[in-house]
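> Okay, so here is start_0.pdb, and as you'll see once you scroll down, it has PDB, C-alpha atoms.
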```pdb
ATOM      1  CA  MET A  27      -1.812 -22.984  -8.479
ATOM      2  CA  HIS A  28      -4.449 -21.243  -6.353
ATOM      3  CA  GLU A  29      -6.964 -22.328  -8.998
ATOM      4  CA  MET A  30      -7.620 -25.381  -6.793
ATOM      5  CA  ALA A  31      -8.621 -23.022  -3.969
ATOM      6  CA  LEU A  32     -10.759 -21.003  -6.391
ATOM      7  CA  MET A  33     -12.425 -24.180  -7.629
ATOM      8  CA  ALA A  34     -13.203 -25.160  -4.026
ATOM      9  CA  GLY A  35     -15.164 -21.894  -3.926
ATOM     10  CA  VAL A  36     -16.945 -22.747  -7.191
ATOM     11  CA  PHE A  37     -18.009 -26.143  -5.864
ATOM     12  CA  GLU A  38     -19.239 -24.653  -2.576
ATOM     13  CA  ILE A  39     -21.426 -22.354  -4.645
ATOM     14  CA  ILE A  40     -22.620 -25.245  -6.855
ATOM     15  CA  SER A  41     -23.612 -27.368  -3.861
ATOM     16  CA  ARG A  42     -25.449 -24.429  -2.273
ATOM     17  CA  TYR A  43     -27.447 -23.781  -5.465
ATOM     18  CA  THR A  44     -28.260 -27.439  -6.131
ATOM     19  CA  ALA A  45     -29.072 -28.433  -2.523
ATOM     20  CA  ASP A  46     -32.826 -28.336  -3.254
ATOM     21  CA  PHE A  47     -32.660 -30.931  -6.040
ATOM     22  CA  PRO A  48     -30.122 -33.600  -5.038
ATOM     23  CA  GLU A  49     -31.455 -36.026  -7.685
ATOM     24  CA  LYS A  50     -30.403 -33.769 -10.583
ATOM     25  CA  ARG A  51     -27.106 -33.717 -12.413
ATOM     26  CA  VAL A  52     -25.226 -30.527 -13.238
ATOM     27  CA  THR A  53     -24.643 -30.460 -16.999
ATOM     28  CA  LYS A  54     -23.050 -27.060 -17.481
ATOM     29  CA  VAL A  55     -21.188 -24.543 -15.307
ATOM     30  CA  THR A  56     -20.511 -21.051 -16.632
ATOM     31  CA  LEU A  57     -17.803 -18.938 -15.025
ATOM     32  CA  VAL A  58     -16.932 -15.332 -15.803
ATOM     33  CA  VAL A  59     -13.215 -14.578 -15.536
ATOM     34  CA  GLY A  60     -11.724 -11.137 -16.122
ATOM     35  CA  GLU A  61      -8.452 -10.667 -17.961
ATOM     36  CA  MET A  62      -6.814  -9.032 -14.925
ATOM     37  CA  THR A  63      -7.361 -11.806 -12.450
ATOM     38  CA  ASN A  64      -4.671 -14.258 -11.564
ATOM     39  CA  ALA A  65      -6.881 -17.180 -12.615
ATOM     40  CA  VAL A  66      -5.636 -19.104 -15.631
ATOM     41  CA  PRO A  67      -8.478 -20.742 -17.625
ATOM     42  CA  GLU A  68      -6.455 -23.928 -18.342
ATOM     43  CA  ALA A  69      -5.654 -24.354 -14.648
ATOM     44  CA  LEU A  70      -9.327 -23.749 -13.777
ATOM     45  CA  GLU A  71     -10.315 -26.481 -16.251
ATOM     46  CA  ALA A  72      -7.867 -28.954 -14.697
ATOM     47  CA  ALA A  73      -9.086 -28.123 -11.177
ATOM     48  CA  PHE A  74     -12.711 -28.469 -12.355
ATOM     49  CA  GLU A  75     -12.070 -32.051 -13.497
ATOM     50  CA  VAL A  76     -10.537 -32.925 -10.127
ATOM     51  CA  TYR A  77     -13.442 -31.497  -8.126
ATOM     52  CA  ALA A  78     -16.162 -32.860 -10.418
ATOM     53  CA  ASN A  79     -14.854 -36.411 -10.250
ATOM     54  CA  SER A  80     -17.433 -38.809  -8.663
ATOM     55  CA  THR A  81     -19.931 -36.005  -7.947
ATOM     56  CA  ASN A  82     -23.190 -34.930  -9.593
ATOM     57  CA  VAL A  83     -21.063 -32.478 -11.613
ATOM     58  CA  GLU A  84     -18.930 -35.170 -13.294
ATOM     59  CA  GLY A  85     -19.067 -34.829 -17.080
ATOM     60  CA  ALA A  86     -20.493 -31.315 -16.954
ATOM     61  CA  GLU A  87     -19.346 -28.789 -19.514
ATOM     62  CA  LEU A  88     -17.257 -25.931 -18.099
ATOM     63  CA  VAL A  89     -17.703 -22.660 -19.956
ATOM     64  CA  ILE A  90     -15.314 -19.824 -19.120
ATOM     65  CA  LYS A  91     -16.355 -16.408 -20.409
ATOM     66  CA  GLU A  92     -13.299 -14.191 -20.509
ATOM     67  CA  ILE A  93     -13.809 -10.462 -20.023
ATOM     68  CA  PRO A  94     -11.291  -8.009 -21.514
ATOM     69  CA  LEU A  95      -9.480  -5.437 -19.389
ATOM     70  CA  LEU A  96     -11.077  -2.056 -20.083
ATOM     71  CA  ALA A  97     -10.304   1.213 -18.354
ATOM     72  CA  ARG A  98     -11.475   4.800 -18.490
ATOM     73  CA  CYS A  99      -9.183   7.810 -18.333
ATOM     74  CA  THR A 100     -10.267  10.075 -15.498
ATOM     75  CA  GLU A 101      -8.602  13.063 -17.218
ATOM     76  CA  CYS A 102     -10.038  12.955 -20.755
ATOM     77  CA  GLY A 103     -12.743  10.311 -20.420
ATOM     78  CA  ARG A 104     -11.441   7.992 -23.115
ATOM     79  CA  GLU A 105     -12.401   4.394 -22.525
ATOM     80  CA  GLY A 106     -10.682   1.431 -24.105
ATOM     81  CA  ARG A 107      -8.781  -1.803 -23.910
ATOM     82  CA  ILE A 108      -5.657  -1.893 -21.749
ATOM     83  CA  GLU A 109      -2.790  -3.635 -23.537
ATOM     84  CA  LYS A 110      -0.064  -5.415 -21.567
ATOM     85  CA  HIS A 111      -1.477  -4.031 -18.285
ATOM     86  CA  MET A 112      -0.096  -0.578 -19.013
ATOM     87  CA  PHE A 113      -2.559   1.915 -17.618
ATOM     88  CA  VAL A 114      -1.559   4.808 -19.856
ATOM     89  CA  CYS A 115      -4.219   6.748 -21.746
ATOM     90  CA  PRO A 116      -3.487   6.505 -25.497
ATOM     91  CA  ALA A 117      -5.218   9.843 -26.056
ATOM     92  CA  CYS A 118      -3.739  12.124 -23.362
ATOM     93  CA  SER A 119      -0.968   9.967 -21.783
ATOM     94  CA  SER A 120      -2.504  10.299 -18.329
ATOM     95  CA  LEU A 121      -1.758   7.474 -15.882
ATOM     96  CA  SER A 122      -5.026   8.009 -14.076
ATOM     97  CA  MET A 123      -7.050   5.103 -15.449
ATOM     98  CA  GLU A 124     -10.029   3.511 -13.714
ATOM     99  CA  ILE A 125     -10.699  -0.161 -14.358
ATOM    100  CA  LYS A 126     -14.145  -0.663 -15.942
ATOM    101  CA  SER A 127     -13.952  -4.411 -16.552
ATOM    102  CA  GLY A 128     -11.488  -7.266 -16.327
ATOM    103  CA  ARG A 129     -11.516  -7.988 -12.573
ATOM    104  CA  GLU A 130     -14.590 -10.290 -12.691
ATOM    105  CA  LEU A 131     -14.384 -13.696 -11.068
ATOM    106  CA  TYR A 132     -17.779 -15.290 -10.509
ATOM    107  CA  VAL A 133     -20.085 -18.212 -11.195
ATOM    108  CA  ASP A 134     -22.574 -16.943 -13.749
ATOM    109  CA  SER A 135     -25.008 -19.845 -14.094
ATOM    110  CA  LEU A 136     -25.559 -23.587 -13.848
ATOM    111  CA  GLU A 137     -27.582 -25.982 -15.939
ATOM    112  CA  VAL A 138     -29.113 -28.990 -14.221
ATOM    113  CA  ASP A 139     -30.962 -31.911 -15.756
TER
ATOM    114  CA  MET B  26     -33.083 -26.045 -16.270
ATOM    115  CA  GLU B  27     -30.796 -23.048 -15.989
ATOM    116  CA  ILE B  28     -30.034 -21.563 -12.587
ATOM    117  CA  ASN B  29     -28.841 -17.985 -12.491
ATOM    118  CA  VAL B  30     -26.065 -17.846  -9.876
ATOM    119  CA  ASN B  31     -24.110 -14.612 -10.282
ATOM    120  CA  THR B  32     -22.010 -15.226  -7.159
ATOM    121  CA  GLY B  33     -18.354 -14.315  -6.684
ATOM    122  CA  ILE B  34     -15.988 -17.267  -6.518
ATOM    123  CA  LEU B  35     -14.147 -15.521  -3.686
ATOM    124  CA  SER B  36     -17.321 -14.400  -1.916
ATOM    125  CA  ALA B  37     -16.860 -16.826   1.010
ATOM    126  CA  ASN B  38     -13.323 -15.510   1.567
ATOM    127  CA  ASP B  39     -14.444 -11.907   1.103
ATOM    128  CA  ARG B  40     -17.149 -12.359   3.737
ATOM    129  CA  ILE B  41     -14.628 -13.522   6.344
ATOM    130  CA  ALA B  42     -12.199 -10.789   5.249
ATOM    131  CA  ALA B  43     -14.948  -8.220   5.904
ATOM    132  CA  GLU B  44     -15.444  -9.658   9.402
ATOM    133  CA  ASN B  45     -11.698  -9.461  10.028
ATOM    134  CA  LYS B  46     -11.658  -5.869   8.812
ATOM    135  CA  GLU B  47     -14.485  -4.926  11.138
ATOM    136  CA  GLN B  48     -12.638  -6.498  14.035
ATOM    137  CA  PHE B  49      -9.443  -4.585  13.144
ATOM    138  CA  SER B  50     -11.310  -1.302  12.875
ATOM    139  CA  GLY B  51     -13.002  -1.907  16.231
ATOM    140  CA  HIS B  52      -9.553  -2.034  17.803
ATOM    141  CA  GLY B  53      -8.193   0.906  15.755
ATOM    142  CA  LEU B  54      -5.580  -1.484  14.435
ATOM    143  CA  LEU B  55      -3.781  -0.948  11.114
ATOM    144  CA  VAL B  56      -3.182  -4.187   9.233
ATOM    145  CA  ILE B  57      -0.800  -4.667   6.324
ATOM    146  CA  ASN B  58      -0.397  -7.677   4.045
ATOM    147  CA  ILE B  59       3.161  -8.042   2.734
ATOM    148  CA  MET B  60       3.564  -9.975  -0.518
ATOM    149  CA  GLY B  61       6.471 -10.816  -2.799
ATOM    150  CA  SER B  62       8.622 -13.602  -4.220
ATOM    151  CA  PRO B  63      10.448 -16.113  -2.061
ATOM    152  CA  GLY B  64      13.800 -14.513  -1.331
ATOM    153  CA  ALA B  65      12.708 -10.928  -2.063
ATOM    154  CA  GLY B  66      13.628 -10.068   1.521
ATOM    155  CA  LYS B  67      10.169  -9.741   3.079
ATOM    156  CA  THR B  68      11.238 -11.080   6.468
ATOM    157  CA  THR B  69      14.455  -9.032   6.577
ATOM    158  CA  VAL B  70      12.551  -5.854   5.664
ATOM    159  CA  LEU B  71      10.099  -6.742   8.401
ATOM    160  CA  GLU B  72      12.844  -7.264  10.989
ATOM    161  CA  LYS B  73      14.389  -3.872  10.195
ATOM    162  CA  THR B  74      10.970  -2.216  10.258
ATOM    163  CA  ILE B  75      10.223  -3.734  13.662
ATOM    164  CA  ASP B  76      13.535  -2.433  15.037
ATOM    165  CA  ILE B  77      12.517   1.103  14.081
ATOM    166  CA  LEU B  78       8.833   1.005  15.050
ATOM    167  CA  ALA B  79       8.763  -1.274  18.116
ATOM    168  CA  GLY B  80       9.880   1.578  20.406
ATOM    169  CA  SER B  81       6.894   3.769  19.557
ATOM    170  CA  LEU B  82       4.188   1.342  18.393
ATOM    171  CA  LYS B  83       2.737  -1.904  19.696
ATOM    172  CA  LEU B  84       3.191  -4.458  16.947
ATOM    173  CA  ALA B  85       2.072  -7.985  16.214
ATOM    174  CA  VAL B  86       3.082 -10.243  13.337
ATOM    175  CA  ILE B  87       1.465 -13.141  11.497
ATOM    176  CA  GLU B  88       3.899 -15.192   9.438
ATOM    177  CA  GLY B  89       2.573 -17.228   6.521
ATOM    178  CA  ASP B  90       4.653 -20.127   5.313
ATOM    179  CA  ILE B  91       3.879 -23.389   3.574
ATOM    180  CA  TYR B  92       5.633 -25.708   6.049
ATOM    181  CA  THR B  93       8.212 -24.092   8.338
ATOM    182  CA  SER B  94       8.261 -21.685  11.274
ATOM    183  CA  LYS B  95      11.724 -20.309  10.489
ATOM    184  CA  ASP B  96      10.434 -16.789   9.828
ATOM    185  CA  ALA B  97       8.375 -16.661  13.028
ATOM    186  CA  ARG B  98      11.463 -17.628  15.034
ATOM    187  CA  ARG B  99      13.377 -14.767  13.433
ATOM    188  CA  ILE B 100      10.631 -12.281  14.343
ATOM    189  CA  GLU B 101      10.325 -13.612  17.901
ATOM    190  CA  LYS B 102      13.897 -12.532  18.605
ATOM    191  CA  HIS B 103      12.773  -8.919  18.155
ATOM    192  CA  GLY B 104      10.412  -9.201  21.129
ATOM    193  CA  VAL B 105       7.185  -8.905  19.130
ATOM    194  CA  PRO B 106       4.198 -11.265  19.506
ATOM    195  CA  VAL B 107       4.150 -13.506  16.458
ATOM    196  CA  LYS B 108       1.904 -16.293  15.226
ATOM    197  CA  GLN B 109       2.950 -18.736  12.518
ATOM    198  CA  ILE B 110       0.403 -20.000  10.003
ATOM    199  CA  ASN B 111       1.471 -23.066   8.040
ATOM    200  CA  THR B 112      -0.713 -23.436   4.993
ATOM    201  CA  GLY B 113       0.315 -27.073   4.494
ATOM    202  CA  GLY B 114       0.852 -26.753   0.762
ATOM    203  CA  ALA B 115      -1.409 -23.828  -0.127
ATOM    204  CA  CYS B 116       0.367 -21.019  -1.957
ATOM    205  CA  HIS B 117      -1.417 -18.168  -0.147
ATOM    206  CA  LEU B 118      -3.039 -17.142   3.134
ATOM    207  CA  ASP B 119      -6.799 -16.770   3.190
ATOM    208  CA  ALA B 120      -9.110 -14.799   5.460
ATOM    209  CA  LYS B 121     -10.169 -17.845   7.457
ATOM    210  CA  MET B 122      -6.568 -18.735   8.382
ATOM    211  CA  VAL B 123      -6.021 -15.165   9.573
ATOM    212  CA  ALA B 124      -9.311 -15.131  11.531
ATOM    213  CA  LYS B 125      -8.159 -18.232  13.400
ATOM    214  CA  ALA B 126      -4.702 -16.784  14.112
ATOM    215  CA  LEU B 127      -6.210 -13.567  15.500
ATOM    216  CA  LYS B 128      -7.579 -15.436  18.504
ATOM    217  CA  ASP B 129      -4.022 -15.694  19.859
ATOM    218  CA  PHE B 130      -3.536 -11.934  20.081
ATOM    219  CA  ASP B 131      -4.870  -9.299  22.456
ATOM    220  CA  LEU B 132      -5.773  -6.905  19.637
ATOM    221  CA  ASP B 133      -6.747  -4.100  22.014
ATOM    222  CA  ALA B 134      -3.128  -3.890  23.108
ATOM    223  CA  ARG B 135      -1.817  -3.695  19.503
ATOM    224  CA  GLN B 136      -1.632  -0.836  16.981
ATOM    225  CA  LEU B 137      -0.081  -2.441  13.904
ATOM    226  CA  LEU B 138      -0.503  -6.006  12.676
ATOM    227  CA  ILE B 139       1.883  -7.073   9.946
ATOM    228  CA  ILE B 140       0.930 -10.168   7.963
ATOM    229  CA  GLU B 141       3.722 -11.677   5.897
ATOM    230  CA  ASN B 142       2.118 -13.758   3.178
ATOM    231  CA  VAL B 143       3.512 -16.914   1.588
ATOM    232  CA  GLY B 144       6.317 -16.069  -0.857
ATOM    233  CA  ASN B 145       4.505 -15.894  -4.212
ATOM    234  CA  LEU B 146       3.785 -13.099  -6.715
ATOM    235  CA  VAL B 147       0.519 -14.531  -8.003
ATOM    236  CA  CYS B 148      -1.791 -16.382  -5.656
ATOM    237  CA  PRO B 149      -1.949 -14.227  -2.496
ATOM    238  CA  VAL B 150      -3.155 -11.140  -4.365
ATOM    239  CA  GLU B 151      -6.714 -12.391  -4.945
ATOM    240  CA  PHE B 152      -7.327 -13.413  -1.336
ATOM    241  CA  ASN B 153      -8.290 -10.430   0.791
ATOM    242  CA  LEU B 154      -7.487 -10.898   4.460
ATOM    243  CA  GLY B 155      -9.264  -7.792   5.757
ATOM    244  CA  GLU B 156      -6.064  -5.722   5.600
ATOM    245  CA  ASP B 157      -5.905  -1.949   5.199
ATOM    246  CA  LEU B 158      -2.882  -1.989   2.916
ATOM    247  CA  LYS B 159      -1.285  -4.402   0.517
ATOM    248  CA  ILE B 160       2.480  -3.984   0.304
ATOM    249  CA  ALA B 161       4.604  -5.522  -2.447
ATOM    250  CA  VAL B 162       8.267  -6.333  -1.862
ATOM    251  CA  LEU B 163      10.353  -6.647  -5.010
ATOM    252  CA  SER B 164      14.103  -7.174  -4.977
ATOM    253  CA  ILE B 165      16.163  -5.857  -7.851
ATOM    254  CA  THR B 166      17.972  -9.183  -8.205
ATOM    255  CA  GLU B 167      14.675 -10.657  -9.468
ATOM    256  CA  GLY B 168      15.012  -8.455 -12.555
ATOM    257  CA  ASP B 169      13.090  -5.363 -13.621
ATOM    258  CA  ASP B 170      10.519  -7.267 -15.692
ATOM    259  CA  LYS B 171       8.555  -8.505 -12.677
ATOM    260  CA  PRO B 172       5.959  -5.692 -12.474
ATOM    261  CA  MET B 173       4.991  -6.237 -16.122
ATOM    262  CA  LYS B 174       4.882 -10.007 -15.640
ATOM    263  CA  TYR B 175       2.872  -9.907 -12.410
ATOM    264  CA  PRO B 176       0.895  -6.670 -12.747
ATOM    265  CA  LEU B 177      -2.026  -7.480 -10.458
ATOM    266  CA  LEU B 178       0.115  -7.389  -7.294
ATOM    267  CA  PHE B 179       1.406  -3.931  -8.227
ATOM    268  CA  ARG B 180      -2.029  -2.676  -9.297
ATOM    269  CA  GLU B 181      -3.596  -3.747  -5.996
ATOM    270  CA  SER B 182      -0.785  -2.617  -3.671
ATOM    271  CA  GLN B 183      -0.638   0.782  -1.966
ATOM    272  CA  ALA B 184       3.157   0.653  -1.688
ATOM    273  CA  VAL B 185       6.059  -1.241  -3.173
ATOM    274  CA  ILE B 186       9.364  -1.719  -1.415
ATOM    275  CA  ILE B 187      12.187  -2.165  -3.921
ATOM    276  CA  ASN B 188      14.736  -4.092  -1.871
ATOM    277  CA  LYS B 189      18.438  -4.903  -2.281
ATOM    278  CA  VAL B 190      19.252  -1.540  -3.893
ATOM    279  CA  ASP B 191      22.772  -1.911  -2.457
ATOM    280  CA  LEU B 192      23.301  -4.484  -5.235
ATOM    281  CA  LEU B 193      22.160  -2.165  -8.033
ATOM    282  CA  ASP B 194      25.633  -1.831  -9.578
ATOM    283  CA  PHE B 195      25.867  -5.609  -9.922
ATOM    284  CA  THR B 196      22.649  -5.933 -11.922
ATOM    285  CA  ASP B 197      21.322  -4.709 -15.267
ATOM    286  CA  VAL B 198      18.331  -3.088 -13.614
ATOM    287  CA  ASP B 199      17.514   0.441 -14.764
ATOM    288  CA  MET B 200      15.874   1.876 -11.649
ATOM    289  CA  ASP B 201      14.155   4.761 -13.452
ATOM    290  CA  SER B 202      12.608   2.447 -16.002
ATOM    291  CA  LEU B 203      11.559   0.000 -13.271
ATOM    292  CA  LYS B 204       9.785   2.786 -11.385
ATOM    293  CA  ARG B 205       8.185   4.058 -14.597
ATOM    294  CA  ASP B 206       6.826   0.578 -15.318
ATOM    295  CA  ILE B 207       5.391   0.295 -11.801
ATOM    296  CA  ARG B 208       3.698   3.698 -12.157
ATOM    297  CA  LYS B 209       2.175   2.682 -15.514
ATOM    298  CA  ILE B 210       0.474  -0.185 -13.688
ATOM    299  CA  ASN B 211      -0.479   1.915 -10.654
ATOM    300  CA  SER B 212       0.098   5.650 -10.714
ATOM    301  CA  ASN B 213      -0.881   6.095  -7.047
ATOM    302  CA  ILE B 214       1.555   3.579  -5.591
ATOM    303  CA  GLU B 215       4.202   4.729  -3.085
ATOM    304  CA  ILE B 216       7.678   3.499  -4.019
ATOM    305  CA  PHE B 217      10.411   2.972  -1.439
ATOM    306  CA  GLU B 218      13.962   2.088  -2.486
ATOM    307  CA  VAL B 219      15.566   0.199   0.361
ATOM    308  CA  SER B 220      18.327  -2.131   1.328
ATOM    309  CA  ALA B 221      17.219  -4.183   4.292
ATOM    310  CA  ARG B 222      20.825  -5.357   4.624
ATOM    311  CA  THR B 223      22.405  -1.905   4.989
ATOM    312  CA  GLY B 224      19.308  -0.204   6.390
ATOM    313  CA  GLN B 225      19.177   2.308   3.516
ATOM    314  CA  GLY B 226      15.678   3.707   2.962
ATOM    315  CA  ILE B 227      14.061   1.644   5.722
ATOM    316  CA  GLY B 228      13.565   4.822   7.779
ATOM    317  CA  GLU B 229      11.429   6.484   5.069
ATOM    318  CA  TRP B 230       9.288   3.367   4.669
ATOM    319  CA  ALA B 231       8.857   2.959   8.435
ATOM    320  CA  ALA B 232       7.936   6.651   8.819
ATOM    321  CA  TRP B 233       5.262   6.301   6.103
ATOM    322  CA  LEU B 234       3.884   3.208   7.793
ATOM    323  CA  GLY B 235       3.902   4.879  11.230
ATOM    324  CA  GLN B 236       1.917   7.763   9.696
ATOM    325  CA  LYS B 237      -0.674   5.278   8.367
ATOM    326  CA  VAL B 238      -0.998   3.760  11.866
ATOM    327  CA  ASN B 239      -1.707   7.221  13.301
ATOM    328  CA  GLU B 240      -4.278   7.961  10.592
ATOM    329  CA  LYS B 241      -6.079   4.691  11.369
ATOM    330  CA  LYS B 242      -6.170   5.406  15.108
ATOM    331  CA  GLY B 243      -7.874   8.694  14.202
TER
END
```
Can you turn what I pasted into structure tokens?


Amino acid sequence: MHEMALMAGVFEIISRYTADFPEKRVTKVTLVVGEMTNAVPEALEAAFEVYANSTNVEGAELVIKEIPLLARCTECGREGRIEKHMFVCPACSSLSMEIKSGRELYVDSLEVD
Amino acid sequence: MEINVNTGILSANDRIAAENKEQFSGHGLLVINIMGSPGAGKTTVLEKTIDILAGSLKLAVIEGDIYTSKDARRIEKHGVPVKQINTGGACHLDAKMVAKALKDFDLDARQLLIIENVGNLVCPVEFNLGEDLKIAVLSITEGDDKPMKYPLLFRESQAVIINKVDLLDFTDVDMDSLKRDIRKINSNIEIFEVSARTGQGIGEWAAWLGQKVNEKKG
């Protein structure tokens, strides 16, 4: 359950970005979470509720954009979705696969009102 | 009003990890972060590794644990400086905890710092500490499905120590298939088959690690 620690990071970022307008409420928080991170969206949602409670973020909508795990074969250049975390090129069977997406873990945007 | 943020959730940790890394490099110190399940044998592997390397290298150890200092007491008996970090409930070490613990060491006098993370296959992986190498410890008694269930640890690690191989005949683990699975997740990973209990394979692992220390010293 390190999602609580991750959410502490999210709320640090929120307070930094909203410091200039303390009178406003945060109505929406958009996170981007890659498929190959150890962050579980449901656990992030639960942690979000805990942190938002009694703050200017309470009641805000949490949007989690999930990014698929994509990799590129360094041997034949084929790029595609990685299934079940097996980094094996479906075209040439090479194991030399570079991750192109799926490791993202960031706060994308906020909406304040 | 929409505010574009585009900031990593772990950016505060990563910033401190980068400071730690700079400090380590300034001292020519190699730092490894050992991760694995509770009971995988991380501390026993570490004790055996210390017995081999302590004669030729100057070591230091940071022990991560939720509440106890049992592991640090075990390491102390091997005559190596050790600092216990109790996370007080948190399932992983973070860069700030390590930065604080570093103040207790004379890093100039050390060549290899071994950080044993909290026993957990999931949470520690995302929190960089400033280490040079991530090392996974997996014991065969946990079953051979663990790499596929917890792939990020194996993808991010430079080496995996498969421990308790002395018990292989008592399990249903197919070692070749286990190693194949690990290589499908990370084809560059070094794999060491060891038994910390009998000492089997610890020499090869320790020699590899000693080589990495020498490379870091430059």

> Using only C-alpha atoms and a cut-off of 7 Å, which residues of chain A sit close to chain B? Please list them as a list in words.

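That gives His28, Leu32, Gly35, Val36, Met62, Asn64, His111, Met112, Phe113, Val114, Leu121, Ser122, Leu131, Tyr132, Val133, Asp134, Ser135, Leu136, Glu137, Val138 and Asp139 of chain A for chain A.
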
> Please provide the set of residues having any atom within 9 Å of A:Ala34, restricted to only C-alpha atoms, with same-chain residues fewer than 3 positions apart removed, written as a list of chain:residue names.

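My list of contacting residues is A:Glu29, A:Met30, A:Ala31, A:Phe37, A:Glu38, A:Ile39, A:Ala73, A:Phe74, A:Tyr77, B:Ile34.
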
> I'd like the interatomic distance between atom CA of A:Glu92 and atom CA of A:Thr56, to a tenth of an Å.

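Value for the atom CA of A:Glu92-atom CA of A:Thr56 distance: 10.7 Å.
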
> Atom CA of A:Ser80 and atom CA of B:Met122 are how many Å apart?

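Computing the Euclidean distance for atom CA of A:Ser80 and atom CA of B:Met122 yields 28.5 Å.
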
> Have a look at B:Lys73, B:Lys108, B:Arg99, B:Lys125 and name the one nearest to B:Asn45; count all atoms listed in the file.

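Between B:Lys73, B:Lys108, B:Arg99, B:Lys125, the residue approaching B:Asn45 most closely is B:Lys125.
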
> Could you write out as a PyMOL selection string the residues that the PyMOL selection byres ((chain B and resi 192-196) around 9) matches in the shown file?

chain B and resi 165-166+168+189-191+197-200+220

> If you apply the PyMOL selection byres ((chain A and resi 97) around 8) to this file, what residues do you get, as a PyMOL selection string?

chain A and resi 95-96+98-99+105-108+113+123-127

> Tell me, in Å to one decimal, how far atom CA of A:Leu57 is from atom CA of A:Arg129.

12.9 Å

> The PyMOL selection byres ((chain B and resi 62) around 10) - which residues does that actually catch in the file I just gave you? List them as an MDAnalysis selection string.

chainID B and resid 60:61 63:67 142:147 161:164 167 171

> Considering only C-alpha atoms, can you say which of B:Lys159, B:Lys121, B:Lys83, B:His52 comes closest to B:Ser182?

B:Lys159

> Draw an axis-aligned box over all listed atoms of stretch 218-234 of chain B, pad each side with 3 Å, and write its centre and edge lengths in Å, one decimal, as JSON.


```
{"center_x": 13.1, "center_y": 0.6, "center_z": 3.2, "size_x": 24.5, "size_y": 18.0, "size_z": 17.3}
```

> Give me the residues near stretch 235-239 of chain B as a ChimeraX atom specification, where near means some atom within 10 Å (using only C-alpha atoms) and where sequence neighbours in that chain fewer than 3 positions away do not count.

/B:53-56,77-78,81-82,136-138,157-158,229-232,242-243

> B:Trp233: which residues within 10 Å, counting only C-alpha atoms, same-chain residues fewer than 5 positions away excluded, as a list in words?

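The residues satisfying every condition are Ala184, Glu215, Phe217, Ile227, Gly228 and Val238 of chain B.
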
> I'd like the neighbourhood of stretch 84-88 of chain A as a list of chain:residue names, where a residue qualifies if any of its atoms comes within 6 Å (using only C-alpha atoms), though same-chain residues fewer than 4 positions away should be ignored.

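After dropping sequence-adjacent residues, the list is A:Thr53, A:Lys54, A:Val55, A:Ala78, A:Asn79.
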
> Find the residue from A:Cys115, A:Ile90, A:Val52, A:Ile40 that sits nearest to A:Ala69; use all atoms listed in the file when measuring.

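Result for the nearest residue to A:Ala69: A:Ile90.
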
> When you count all atoms listed in the file, which of these residues is closest to B:Phe49: B:Gly114, B:Pro106, B:Gly155, B:Gly80?

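Once distances to B:Phe49 are computed over all atoms listed in the file, the minimum belongs to B:Gly155.
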
> Find the spatial neighbours of A:Ala117, counting only C-alpha atoms, within a cut-off of 8 Å - ignore same-chain residues fewer than 2 positions away - and output them as a PyMOL selection string.

chain A and resi 102+104+115+119
